[in-house]
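Remarks on the structure that follows.
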Amino acid sequence: MPGPAGTRPRRADAMSPSLYRHIRHSLGRERVTDASLEMHWRMDVFQLRRLWRHR
């Protein structure tokens with residue numbers, strides 16, 4: 001039986017760290033440490049979802 005929806009990995013949110021690092025570089029954003037890279041990715045996903053929801 002699958003767990004709650006919040007615990008299942010979402011395919012749309014998955015991105016390789018090297019690809020996200022390249023995207024950040026291409027957008028002219030500052031470099032971040034490996035430890036904080038996932039946090040920055042999640043913040044970007046959250047902001048984009050919020051913008052999309054309120055368009």
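For the structure tokens, the naming scheme is as follows: chains receive sequential letters (A, B, ...) according to their order of presentation, residues are indexed from 1 within each chain, and ligands are indexed from 1 in presentation order.
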
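Within the 10 Å cut-off around Ser18 of chain A, using only C-alpha atoms and omitting residues fewer than 6 positions from it on the same chain, the listed residues are Arg24, Asp34 and Leu37 of chain A.
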
- [ ] Show which residues sit within 12 Å of Ser36 of chain A, as a PyMOL selection string. Count only C-alpha atoms, and ignore same-chain residues fewer than 6 positions away.
- [x] chain A and resi 17+21+42-43

Open item on the list: Rounded to one decimal, what separation in Å do you get between atom CA of Ile23 of chain A and atom CA of Trp41 of chain A?
Closed with: 10.4 Å

Task: Residue nearest Met15 of chain A - candidates A:Leu27, A:Leu51, A:Val45, A:Ala35, atoms counted: only C-alpha atoms - done: A:Val45
